[in-house]
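Student: One file: data-v2.txt (compact mmCIF, C-alpha atoms and all ligand atoms).
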# COMPACT_ATOMS: atom_id res chain seq x y z
CA MET A 969 141.65 99.72 91.25
CA ASN A 970 142.02 97.22 88.40
CA GLU A 971 145.43 98.68 87.58
CA LEU A 972 146.54 98.09 91.16
CA VAL A 973 145.28 94.51 91.08
CA ASN A 974 147.10 93.92 87.78
CA GLU A 975 150.30 95.41 89.20
CA ILE A 976 150.10 93.15 92.28
CA ASN A 977 149.50 90.08 90.12
CA THR A 978 152.47 90.91 87.89
CA LEU A 979 154.76 91.52 90.90
CA LYS A 980 153.59 88.25 92.46
CA LYS A 981 154.60 86.30 89.37
CA GLU A 982 157.92 88.13 88.92
CA LYS A 983 158.93 87.57 92.53
CA ASN A 984 157.39 84.13 93.11
CA ALA A 985 155.26 85.53 95.94
CA VAL A 986 151.99 84.36 97.49
CA ILE A 987 149.44 86.41 99.38
CA LEU A 988 147.91 84.92 102.53
CA ALA A 989 144.91 86.67 104.07
CA HIS A 990 142.95 86.07 107.23
CA TYR A 991 139.14 86.04 107.04
CA TYR A 992 139.10 89.40 108.89
CA ALA A 993 140.99 91.21 106.12
CA THR A 994 138.95 93.58 103.94
CA ASN A 995 136.95 92.13 101.02
CA GLU A 996 139.33 93.56 98.41
CA VAL A 997 142.32 91.99 100.15
CA GLN A 998 140.58 88.60 100.45
CA GLU A 999 139.67 88.87 96.77
CA ILE A 1000 143.28 89.16 95.68
CA ALA A 1001 144.70 86.58 98.14
CA ASP A 1002 145.99 83.18 97.02
CA TYR A 1003 145.02 81.61 100.34
CA ILE A 1004 142.33 82.78 102.77
CA GLY A 1005 141.70 81.05 106.06
CA ASP A 1006 141.76 80.86 109.83
CA SER A 1007 144.98 81.03 111.82
CA TYR A 1008 145.56 77.27 111.77
CA TYR A 1009 145.11 76.93 108.01
CA LEU A 1010 147.33 79.94 107.30
CA ALA A 1011 150.10 78.57 109.56
CA LYS A 1012 150.00 75.28 107.62
CA VAL A 1013 150.12 77.09 104.26
CA ALA A 1014 153.02 79.25 105.48
CA LYS A 1015 154.97 76.13 106.43
CA SER A 1016 154.40 74.30 103.16
CA THR A 1017 154.49 76.94 100.42
CA ASP A 1018 157.10 76.81 97.63
CA ALA A 1019 156.95 80.56 97.12
CA ASP A 1020 160.02 82.68 97.91
CA ILE A 1021 157.98 85.50 99.42
CA ILE A 1022 154.91 85.34 101.65
CA VAL A 1023 152.86 88.53 101.93
CA PHE A 1024 150.86 88.04 105.13
CA CYS A 1025 147.68 90.09 105.33
CA GLY A 1026 146.91 89.51 108.96
CA VAL A 1027 148.41 90.79 112.19
CA SER A 1028 151.99 90.57 113.47
CA PHE A 1029 151.74 87.26 115.38
CA MET A 1030 150.66 85.64 112.09
CA GLY A 1031 153.57 87.06 110.08
CA GLU A 1032 155.95 86.18 112.90
CA SER A 1033 154.68 82.57 113.06
CA ALA A 1034 155.01 82.25 109.27
CA LYS A 1035 158.65 83.40 109.49
CA ILE A 1036 159.42 81.05 112.41
CA LEU A 1037 157.91 78.08 110.54
CA ASN A 1038 159.74 79.02 107.37
CA PRO A 1039 162.89 80.99 108.28
CA ASP A 1040 164.42 80.80 104.79
CA LYS A 1041 161.47 82.59 103.22
CA THR A 1042 160.87 86.30 103.13
CA VAL A 1043 157.68 87.23 104.99
CA LEU A 1044 156.35 90.71 104.26
CA MET A 1045 153.68 92.49 106.30
CA PRO A 1046 151.73 95.17 104.36
CA ASP A 1047 151.56 97.21 107.59
CA MET A 1048 154.01 96.64 110.45
CA LEU A 1049 151.62 98.37 112.86
CA ALA A 1050 148.91 95.72 112.36
CA ASP A 1051 149.27 94.07 115.75
CA CYS A 1052 146.88 92.05 117.93
CA PRO A 1053 146.75 93.61 121.43
CA MET A 1054 145.81 90.25 122.95
CA ALA A 1055 149.14 88.80 121.78
CA HIS A 1056 150.88 90.82 124.55
CA MET A 1057 148.46 90.00 127.38
CA ALA A 1058 150.49 87.47 129.36
CA GLU A 1059 153.59 87.81 131.53
CA ILE A 1060 156.67 85.59 131.43
CA GLU A 1061 157.03 86.13 135.19
CA THR A 1062 153.55 84.63 135.73
CA ILE A 1063 154.42 81.62 133.54
CA GLU A 1064 157.53 81.04 135.64
CA LYS A 1065 155.51 81.32 138.88
CA MET A 1066 152.98 78.79 137.56
CA ARG A 1067 155.74 76.39 136.57
CA ALA A 1068 157.16 76.64 140.09
CA SER A 1069 153.70 75.95 141.62
CA TYR A 1070 152.68 72.89 139.56
CA GLU A 1071 155.07 70.03 138.86
CA ASP A 1072 153.36 68.66 135.75
CA LEU A 1073 152.23 71.99 134.27
CA ALA A 1074 151.83 72.44 130.50
CA VAL A 1075 151.78 76.02 129.27
CA VAL A 1076 149.36 76.13 126.35
CA CYS A 1077 149.76 79.24 124.24
CA TYR A 1078 147.09 80.53 121.87
CA ILE A 1079 148.81 81.40 118.59
CA ASN A 1080 147.59 84.98 119.17
CA SER A 1081 150.74 85.68 121.20
CA THR A 1082 154.21 87.15 120.76
CA ALA A 1083 157.05 84.83 119.72
CA GLU A 1084 158.63 85.52 123.12
CA LEU A 1085 155.59 84.14 124.94
CA LYS A 1086 155.63 81.11 122.65
CA CYS A 1087 159.27 80.49 123.67
CA HIS A 1088 158.12 80.01 127.25
CA SER A 1089 155.28 77.65 126.29
CA ASP A 1090 154.98 73.91 125.71
CA VAL A 1091 152.55 73.92 122.84
CA CYS A 1092 150.65 76.41 120.70
CA VAL A 1093 146.99 76.10 119.76
CA THR A 1094 144.51 77.95 117.58
CA SER A 1095 140.79 78.23 118.17
CA SER A 1096 140.19 75.34 115.75
CA ASN A 1097 142.44 72.81 117.49
CA ALA A 1098 142.70 73.97 121.15
CA VAL A 1099 140.20 71.45 122.57
CA HIS A 1100 141.72 68.53 120.67
CA ILE A 1101 145.29 69.44 121.65
CA VAL A 1102 144.58 70.12 125.34
CA LYS A 1103 142.73 66.77 125.55
CA SER A 1104 145.71 64.96 124.06
CA LEU A 1105 148.31 66.38 126.52
CA PRO A 1106 149.53 64.06 129.28
CA ASN A 1107 149.53 66.91 131.83
CA LYS A 1108 146.69 67.41 134.30
CA ASN A 1109 147.50 71.07 135.00
CA ILE A 1110 147.32 73.50 132.13
CA PHE A 1111 148.14 77.22 132.18
CA PHE A 1112 146.27 78.65 129.20
CA ILE A 1113 147.60 81.96 127.83
CA PRO A 1114 146.77 84.66 126.81
CA ASP A 1115 142.99 84.50 126.12
CA GLU A 1116 140.74 83.93 129.14
CA ASN A 1117 137.60 83.32 127.07
CA LEU A 1118 139.10 80.68 124.78
CA GLY A 1119 140.71 79.13 127.87
CA ARG A 1120 137.36 78.95 129.66
CA PHE A 1121 135.71 77.43 126.60
CA VAL A 1122 138.44 74.76 126.43
CA ALA A 1123 138.09 74.11 130.18
CA GLU A 1124 134.38 73.40 129.71
CA GLN A 1125 135.09 70.94 126.89
CA VAL A 1126 137.93 69.20 128.77
CA PRO A 1127 136.65 68.96 132.37
CA GLU A 1128 139.20 66.27 133.27
CA LYS A 1129 142.01 68.89 133.24
CA ASN A 1130 142.74 71.65 135.73
CA ILE A 1131 142.89 74.68 133.44
CA ILE A 1132 144.30 77.85 134.95
CA LEU A 1133 143.14 80.97 133.14
CA ASN A 1134 145.02 84.15 132.32
CA LYS A 1135 143.31 87.52 132.00
CA GLY A 1136 143.91 88.29 128.29
CA PHE A 1137 141.07 89.20 125.94
CA CYS A 1138 140.20 90.33 122.42
CA HIS A 1139 138.75 93.83 122.56
CA VAL A 1140 136.72 93.17 119.40
CA HIS A 1141 135.02 90.00 120.64
CA VAL A 1142 134.47 91.05 124.26
CA SER A 1143 132.57 94.11 123.13
CA MET A 1144 129.73 91.87 121.90
CA THR A 1145 127.03 91.60 124.53
CA ALA A 1146 124.44 88.98 125.39
CA ALA A 1147 121.78 91.73 125.36
CA THR A 1148 122.48 92.50 121.67
CA VAL A 1149 122.54 88.82 120.69
CA GLN A 1150 119.33 88.19 122.67
CA THR A 1151 117.56 91.06 120.85
CA MET A 1152 118.79 89.72 117.51
CA LYS A 1153 117.48 86.25 118.40
CA GLU A 1154 114.09 87.76 119.20
CA ASN A 1155 114.08 89.67 115.88
CA HIS A 1156 115.17 86.59 113.90
CA PRO A 1157 113.74 83.59 115.76
CA ALA A 1158 114.71 81.08 113.03
CA ALA A 1159 118.38 82.10 113.09
CA LEU A 1160 121.14 80.01 114.65
CA VAL A 1161 123.82 81.81 116.69
CA LEU A 1162 127.40 81.03 115.60
CA ALA A 1163 130.12 82.43 117.87
CA HIS A 1164 133.90 82.59 118.09
CA PRO A 1165 135.29 81.29 121.42
CA GLU A 1166 136.96 84.67 122.07
CA CYS A 1167 133.47 86.00 122.91
CA LYS A 1168 132.46 86.44 126.56
CA GLN A 1169 130.77 83.54 128.30
CA GLU A 1170 127.41 85.40 128.34
CA VAL A 1171 127.49 85.42 124.51
CA LEU A 1172 128.77 81.84 124.21
CA ASN A 1173 125.86 80.74 126.45
CA LEU A 1174 123.50 81.85 123.66
CA ALA A 1175 125.40 80.11 120.85
CA ASP A 1176 124.22 77.10 118.87
CA TYR A 1177 127.76 76.57 117.57
CA ILE A 1178 131.14 77.78 118.87
CA GLY A 1179 134.22 77.57 116.65
CA SER A 1180 137.03 79.25 114.75
CA THR A 1181 136.36 81.55 111.80
CA ALA A 1182 136.73 78.58 109.42
CA GLY A 1183 134.50 76.50 111.73
CA ILE A 1184 131.78 79.17 111.61
CA ILE A 1185 131.95 79.38 107.81
CA ASP A 1186 131.83 75.57 107.42
CA TYR A 1187 129.00 75.21 109.92
CA ALA A 1188 126.80 77.76 108.13
CA THR A 1189 127.68 76.31 104.72
CA ASN A 1190 126.76 72.75 105.74
CA SER A 1191 123.65 73.67 107.73
CA PRO A 1192 120.16 73.26 106.21
CA LYS A 1193 119.13 76.43 108.13
CA LYS A 1194 118.84 79.71 106.22
CA GLU A 1195 119.53 82.43 108.82
CA PHE A 1196 122.48 82.95 111.15
CA ILE A 1197 123.55 85.48 113.77
CA ILE A 1198 127.32 85.80 113.51
CA CYS A 1199 129.30 86.63 116.66
CA THR A 1200 132.78 87.34 115.37
CA GLU A 1201 134.55 89.97 113.30
CA SER A 1202 132.40 90.81 110.29
CA GLY A 1203 135.19 90.13 107.74
CA VAL A 1204 134.02 86.49 107.75
CA GLY A 1205 131.02 87.84 105.82
CA TYR A 1206 133.00 87.90 102.57
CA GLU A 1207 133.43 84.11 102.48
CA LEU A 1208 130.12 83.33 104.24
CA GLU A 1209 128.10 85.27 101.71
CA LYS A 1210 130.11 84.09 98.70
CA LYS A 1211 129.53 80.45 99.65
CA ASN A 1212 125.92 80.85 100.80
CA GLN A 1213 124.02 83.14 98.49
CA ASP A 1214 120.68 81.64 99.54
CA LYS A 1215 121.27 82.33 103.26
CA THR A 1216 121.03 85.48 105.40
CA PHE A 1217 123.62 86.57 107.94
CA TYR A 1218 123.16 89.10 110.75
CA TYR A 1219 126.34 90.41 112.39
CA ALA A 1220 126.25 91.03 116.12
CA ASP A 1221 127.19 94.71 116.58
CA LEU A 1222 129.02 94.58 113.18
CA LYS A 1223 132.47 94.40 114.72
CA PHE A 1224 135.73 95.36 112.99
CA CYS A 1225 139.26 94.48 114.03
CA PRO A 1226 141.07 97.76 113.31
CA ASN A 1227 144.42 96.02 112.97
CA MET A 1228 143.30 93.45 110.42
CA LYS A 1229 141.79 96.30 108.41
CA LYS A 1230 145.19 98.03 108.15
CA ASN A 1231 146.06 95.69 105.25
CA SER A 1232 145.24 97.32 101.90
CA LEU A 1233 145.93 96.75 98.20
CA GLU A 1234 148.17 99.83 98.09
CA LYS A 1235 150.30 98.53 100.96
CA ILE A 1236 150.49 95.01 99.47
CA CYS A 1237 151.71 96.51 96.19
CA HIS A 1238 154.24 98.70 98.01
CA VAL A 1239 155.86 95.86 99.98
CA LEU A 1240 155.97 93.62 96.93
CA LYS A 1241 157.71 96.38 94.98
CA THR A 1242 160.17 97.46 97.66
CA GLY A 1243 160.64 94.40 99.89
CA GLU A 1244 159.98 96.66 102.89
CA ASN A 1245 158.41 95.37 106.13
CA ALA A 1246 160.22 92.02 106.13
CA VAL A 1247 159.56 90.14 109.39
CA GLU A 1248 162.74 89.40 111.36
CA VAL A 1249 162.89 87.06 114.34
CA ASN A 1250 166.21 86.55 116.13
CA ASP A 1251 167.69 83.01 116.12
CA GLU A 1252 167.12 82.35 119.82
CA ILE A 1253 163.44 83.37 119.75
CA CYS A 1254 162.99 81.57 116.45
CA SER A 1255 164.25 78.21 117.72
CA GLY A 1256 162.46 78.61 121.08
CA SER A 1257 159.09 79.34 119.50
CA LEU A 1258 159.43 76.81 116.66
CA LYS A 1259 159.10 73.91 119.14
CA PRO A 1260 155.58 74.74 120.43
CA LEU A 1261 154.43 75.71 116.92
CA ASN A 1262 155.65 72.43 115.44
CA ARG A 1263 154.15 70.51 118.35
CA MET A 1264 150.80 72.11 117.53
CA LEU A 1265 151.07 71.11 113.86
CA GLU A 1266 151.96 67.56 114.95
CA LEU A 1267 149.21 67.16 117.59
CA ALA A 1268 146.52 68.79 115.45
CA LYS A 1269 146.91 66.29 112.61
P1 LIG B 1301 140.77 82.12 113.93
O1 LIG B 1301 141.92 81.22 114.18
O2 LIG B 1301 139.46 81.54 114.35
O3 LIG B 1301 140.75 82.56 112.50
O4 LIG B 1301 140.90 83.40 114.86
C1 LIG B 1301 141.90 84.34 114.75
C2 LIG B 1301 141.61 85.56 115.48
O5 LIG B 1301 142.38 86.45 115.56
C3 LIG B 1301 140.33 85.65 116.14
O6 LIG B 1301 140.17 86.89 116.67
FE1 LIG B 1302 143.46 90.11 117.82
FE2 LIG B 1302 140.88 90.29 118.28
FE3 LIG B 1302 141.86 91.32 116.04
FE4 LIG B 1302 141.72 88.67 116.39
S1 LIG B 1302 140.01 90.10 116.24
S2 LIG B 1302 143.47 89.81 115.61
S3 LIG B 1302 142.17 88.50 118.59
S4 LIG B 1302 142.31 92.01 118.14
How does the structure come out when it is put into structure tokens?
Tutor:
Amino acid sequence: MNELVNEINTLKKEKNAVILAHYYATNEVQEIADYIGDSYYLAKVAKSTDADIIVFCGVSFMGESAKILNPDKTVLMPDMLADCPMAHMAEIETIEKMRASYEDLAVVCYINSTAELKCHSDVCVTSSNAVHIVKSLPNKNIFFIPDENLGRFVAEQVPEKNIILNKGFCHVHVSMTAATVQTMKENHPAALVLAHPECKQEVLNLADYIGSTAGIIDYATNSPKKEFIICTESGVGYELEKKNQDKTFYYADLKFCPNMKKNSLEKICHVLKTGENAVEVNDEICSGSLKPLNRMLELAK
């Protein structure tokens, strides 16, 4: 294992490469990463890095967004099959129908989406900036794609807007149930419940805090409380436990995102060595999806 880590570090230096990893990547991948974070943070790093090569240990919409924000860089995915099913859960035809039905419609696209869907959208958001960005839009009518649960959470926080929901979902988060969280609360009565907004409403109703992966980690780190029930993918445990050795975390149903877990040290080493799995986005899609991504970075400031 150490040999592999040494080899990756040498290749990184030789090739002026950086490794970005999402909080849901495996512990060993997070350990070797230069930057670990939520989707918003990683998009900002991808836009501003001086490295020639970005190795993105996440899922395809993340690598694609990094390439769109930084088309002159090489973006390598350790595993091209690491895809987020939710990213495909909206239809361009439906967006067009919505646009025809509402004059002042803004299509707000969760970054967990294909570049093609982004092309048909007005602005992108992540779970850490969606409420702030939707609030700041001049439009009354918002079509929120693809995630229904994040959309509903935003609608609750921004009641002055008419938010139309789309039926996308994250299979990892929607498999958490209120019954499990309720039992965990009963077993650990001092624990606070921290949930990702991709969870179902029945789970969010039990939460003391709702936020992105980075939001959950920051909340637990800054809280005087000592026990937390975590309702998101259990990869956040690596950073949570590193930063909070005096606190205890219970993971609701111990969920894993199988796609995030496809990233491995062996695959990182292989793409660094060979340059395989470079993300390509055609010029038309690249310029169409850059606009809503840049608008997000601007409005989220
Ligand atoms: P974050 O932006 O909160 O890291 O979420 C990304 C994601 O894929 C959640 O399932
Ligand atoms: Fe997609 Fe869900 Fe995995 Fe996040 S946890 S990447 S939304 S499948």
Student: How would you write, as a PyMOL selection string, the set of residues no farther than 8 Å from ligand LIG 1302 (chain B) when counting only C-alpha atoms and all ligand atoms?
Tutor: chain A and resi 992+1026-1027+1051-1055+1080+1137-1141+1166+1200-1201+1224-1228
Student: Restricting the calculation to all atoms listed in the file: of A:Met1057, A:Cys1087, A:Leu1049, A:Ala1074, which residue gets closest to Pro1114 of chain A?
Tutor: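 Closest residue, counting all atoms listed in the file: A:Met1057.
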Student: Can you pull out every residue within 10 Å of Asp1176 of chain A, counting only C-alpha atoms, but drop anything in the same chain fewer than 4 positions away, and send it as a list in words?
Tutor: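 Here the answer would be Ala1159, Leu1160, Val1161, Leu1162, Ala1163, Leu1172, Phe1196 and Ile1197 of chain A.
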Student: Of the candidates A:Asp1006, A:Glu1154, A:Glu1032, A:Glu1116, which one gets nearest to ligand LIG 1301 (chain B) if we count all atoms listed in the file?
Tutor: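 The closest residue to ligand LIG 1301 (chain B) is A:Asp1006.
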Student: For ligand LIG 1301 (chain B), collect every residue having any atom at a distance of at most 7 Å from a ligand atom (counting all atoms listed in the file); output as a list in words.
Tutor: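 Going residue by residue within 7 Å of ligand LIG 1301 (chain B), we get His990, Tyr991, Gly1005, Asp1006, Ser1007, Tyr1008, Asn1080, Thr1094, Ser1095, Ser1096, Cys1138, His1164, Glu1166, Gly1179, Ser1180, Thr1181 and Ala1182 of chain A.
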Student: Please complete segment 1239-1262 of chain A with N, CA, C and O atoms and give it back as a PDB file, in the frame of the given file.
Tutor:
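Written file, out_6.pdb:
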ATOM      1  N   VAL A1239     154.850  96.776  99.408  1.00  0.00           N
ATOM      2  CA  VAL A1239     155.860  95.860  99.980  1.00  0.00           C
ATOM      3  C   VAL A1239     156.370  94.875  98.934  1.00  0.00           C
ATOM      4  O   VAL A1239     157.531  94.471  98.960  1.00  0.00           O
ATOM      5  N   LEU A1240     155.505  94.505  97.998  1.00  0.00           N
ATOM      6  CA  LEU A1240     155.970  93.620  96.930  1.00  0.00           C
ATOM      7  C   LEU A1240     157.014  94.316  96.063  1.00  0.00           C
ATOM      8  O   LEU A1240     158.005  93.722  95.649  1.00  0.00           O
ATOM      9  N   LYS A1241     156.791  95.599  95.823  1.00  0.00           N
ATOM     10  CA  LYS A1241     157.710  96.380  94.980  1.00  0.00           C
ATOM     11  C   LYS A1241     159.040  96.611  95.677  1.00  0.00           C
ATOM     12  O   LYS A1241     160.095  96.484  95.095  1.00  0.00           O
ATOM     13  N   THR A1242     158.967  96.975  96.967  1.00  0.00           N
ATOM     14  CA  THR A1242     160.170  97.460  97.660  1.00  0.00           C
ATOM     15  C   THR A1242     160.834  96.409  98.553  1.00  0.00           C
ATOM     16  O   THR A1242     161.974  96.568  98.951  1.00  0.00           O
ATOM     17  N   GLY A1243     160.090  95.368  98.928  1.00  0.00           N
ATOM     18  CA  GLY A1243     160.640  94.400  99.890  1.00  0.00           C
ATOM     19  C   GLY A1243     160.663  94.950 101.305  1.00  0.00           C
ATOM     20  O   GLY A1243     161.248  94.355 102.216  1.00  0.00           O
ATOM     21  N   GLU A1244     160.026  96.092 101.520  1.00  0.00           N
ATOM     22  CA  GLU A1244     159.980  96.660 102.890  1.00  0.00           C
ATOM     23  C   GLU A1244     159.109  95.804 103.799  1.00  0.00           C
ATOM     24  O   GLU A1244     158.308  95.018 103.326  1.00  0.00           O
ATOM     25  N   ASN A1245     159.238  96.043 105.099  1.00  0.00           N
ATOM     26  CA  ASN A1245     158.410  95.370 106.130  1.00  0.00           C
ATOM     27  C   ASN A1245     158.637  93.862 106.185  1.00  0.00           C
ATOM     28  O   ASN A1245     157.694  93.080 106.361  1.00  0.00           O
ATOM     29  N   ALA A1246     159.905  93.451 105.991  1.00  0.00           N
ATOM     30  CA  ALA A1246     160.220  92.020 106.130  1.00  0.00           C
ATOM     31  C   ALA A1246     160.242  91.668 107.618  1.00  0.00           C
ATOM     32  O   ALA A1246     160.831  92.395 108.422  1.00  0.00           O
ATOM     33  N   VAL A1247     159.600  90.568 107.981  1.00  0.00           N
ATOM     34  CA  VAL A1247     159.560  90.140 109.390  1.00  0.00           C
ATOM     35  C   VAL A1247     160.917  89.528 109.745  1.00  0.00           C
ATOM     36  O   VAL A1247     161.432  88.681 109.018  1.00  0.00           O
ATOM     37  N   GLU A1248     161.472  89.978 110.871  1.00  0.00           N
ATOM     38  CA  GLU A1248     162.740  89.400 111.360  1.00  0.00           C
ATOM     39  C   GLU A1248     162.506  88.832 112.749  1.00  0.00           C
ATOM     40  O   GLU A1248     161.872  89.483 113.580  1.00  0.00           O
ATOM     41  N   VAL A1249     162.996  87.637 112.991  1.00  0.00           N
ATOM     42  CA  VAL A1249     162.890  87.060 114.340  1.00  0.00           C
ATOM     43  C   VAL A1249     164.293  86.566 114.688  1.00  0.00           C
ATOM     44  O   VAL A1249     164.891  85.819 113.890  1.00  0.00           O
ATOM     45  N   ASN A1250     164.828  86.962 115.844  1.00  0.00           N
ATOM     46  CA  ASN A1250     166.210  86.550 116.130  1.00  0.00           C
ATOM     47  C   ASN A1250     166.291  85.034 116.369  1.00  0.00           C
ATOM     48  O   ASN A1250     165.304  84.388 116.695  1.00  0.00           O
ATOM     49  N   ASP A1251     167.511  84.485 116.153  1.00  0.00           N
ATOM     50  CA  ASP A1251     167.690  83.010 116.120  1.00  0.00           C
ATOM     51  C   ASP A1251     167.193  82.339 117.389  1.00  0.00           C
ATOM     52  O   ASP A1251     166.565  81.284 117.342  1.00  0.00           O
ATOM     53  N   GLU A1252     167.483  82.969 118.536  1.00  0.00           N
ATOM     54  CA  GLU A1252     167.120  82.350 119.820  1.00  0.00           C
ATOM     55  C   GLU A1252     165.590  82.252 119.959  1.00  0.00           C
ATOM     56  O   GLU A1252     165.034  81.202 120.286  1.00  0.00           O
ATOM     57  N   ILE A1253     164.912  83.343 119.663  1.00  0.00           N
ATOM     58  CA  ILE A1253     163.440  83.370 119.750  1.00  0.00           C
ATOM     59  C   ILE A1253     162.853  82.436 118.700  1.00  0.00           C
ATOM     60  O   ILE A1253     161.861  81.752 118.928  1.00  0.00           O
ATOM     61  N   CYS A1254     163.492  82.411 117.538  1.00  0.00           N
ATOM     62  CA  CYS A1254     162.990  81.570 116.450  1.00  0.00           C
ATOM     63  C   CYS A1254     163.045  80.099 116.860  1.00  0.00           C
ATOM     64  O   CYS A1254     162.051  79.383 116.747  1.00  0.00           O
ATOM     65  N   SER A1255     164.182  79.642 117.383  1.00  0.00           N
ATOM     66  CA  SER A1255     164.250  78.210 117.720  1.00  0.00           C
ATOM     67  C   SER A1255     163.393  77.906 118.948  1.00  0.00           C
ATOM     68  O   SER A1255     162.766  76.850 119.023  1.00  0.00           O
ATOM     69  N   GLY A1256     163.290  78.847 119.889  1.00  0.00           N
ATOM     70  CA  GLY A1256     162.460  78.610 121.080  1.00  0.00           C
ATOM     71  C   GLY A1256     160.979  78.537 120.759  1.00  0.00           C
ATOM     72  O   GLY A1256     160.230  77.781 121.382  1.00  0.00           O
ATOM     73  N   SER A1257     160.525  79.315 119.787  1.00  0.00           N
ATOM     74  CA  SER A1257     159.090  79.340 119.500  1.00  0.00           C
ATOM     75  C   SER A1257     158.706  78.323 118.415  1.00  0.00           C
ATOM     76  O   SER A1257     157.534  77.992 118.256  1.00  0.00           O
ATOM     77  N   LEU A1258     159.717  77.824 117.692  1.00  0.00           N
ATOM     78  CA  LEU A1258     159.430  76.810 116.660  1.00  0.00           C
ATOM     79  C   LEU A1258     158.910  75.523 117.305  1.00  0.00           C
ATOM     80  O   LEU A1258     158.014  74.859 116.772  1.00  0.00           O
ATOM     81  N   LYS A1259     159.469  75.183 118.473  1.00  0.00           N
ATOM     82  CA  LYS A1259     159.100  73.910 119.140  1.00  0.00           C
ATOM     83  C   LYS A1259     157.596  73.849 119.429  1.00  0.00           C
ATOM     84  O   LYS A1259     156.926  72.923 118.995  1.00  0.00           O
ATOM     85  N   PRO A1260     157.023  74.832 120.172  1.00  0.00           N
ATOM     86  CA  PRO A1260     155.580  74.740 120.430  1.00  0.00           C
ATOM     87  C   PRO A1260     154.715  74.873 119.177  1.00  0.00           C
ATOM     88  O   PRO A1260     153.630  74.295 119.112  1.00  0.00           O
ATOM     89  N   LEU A1261     155.210  75.596 118.171  1.00  0.00           N
ATOM     90  CA  LEU A1261     154.430  75.710 116.920  1.00  0.00           C
ATOM     91  C   LEU A1261     154.418  74.364 116.192  1.00  0.00           C
ATOM     92  O   LEU A1261     153.374  73.890 115.740  1.00  0.00           O
ATOM     93  N   ASN A1262     155.587  73.739 116.097  1.00  0.00           N
ATOM     94  CA  ASN A1262     155.650  72.430 115.440  1.00  0.00           C
ATOM     95  C   ASN A1262     154.870  71.380 116.213  1.00  0.00           C
ATOM     96  O   ASN A1262     154.237  70.509 115.622  1.00  0.00           O
TER      97      ASN A1262
END
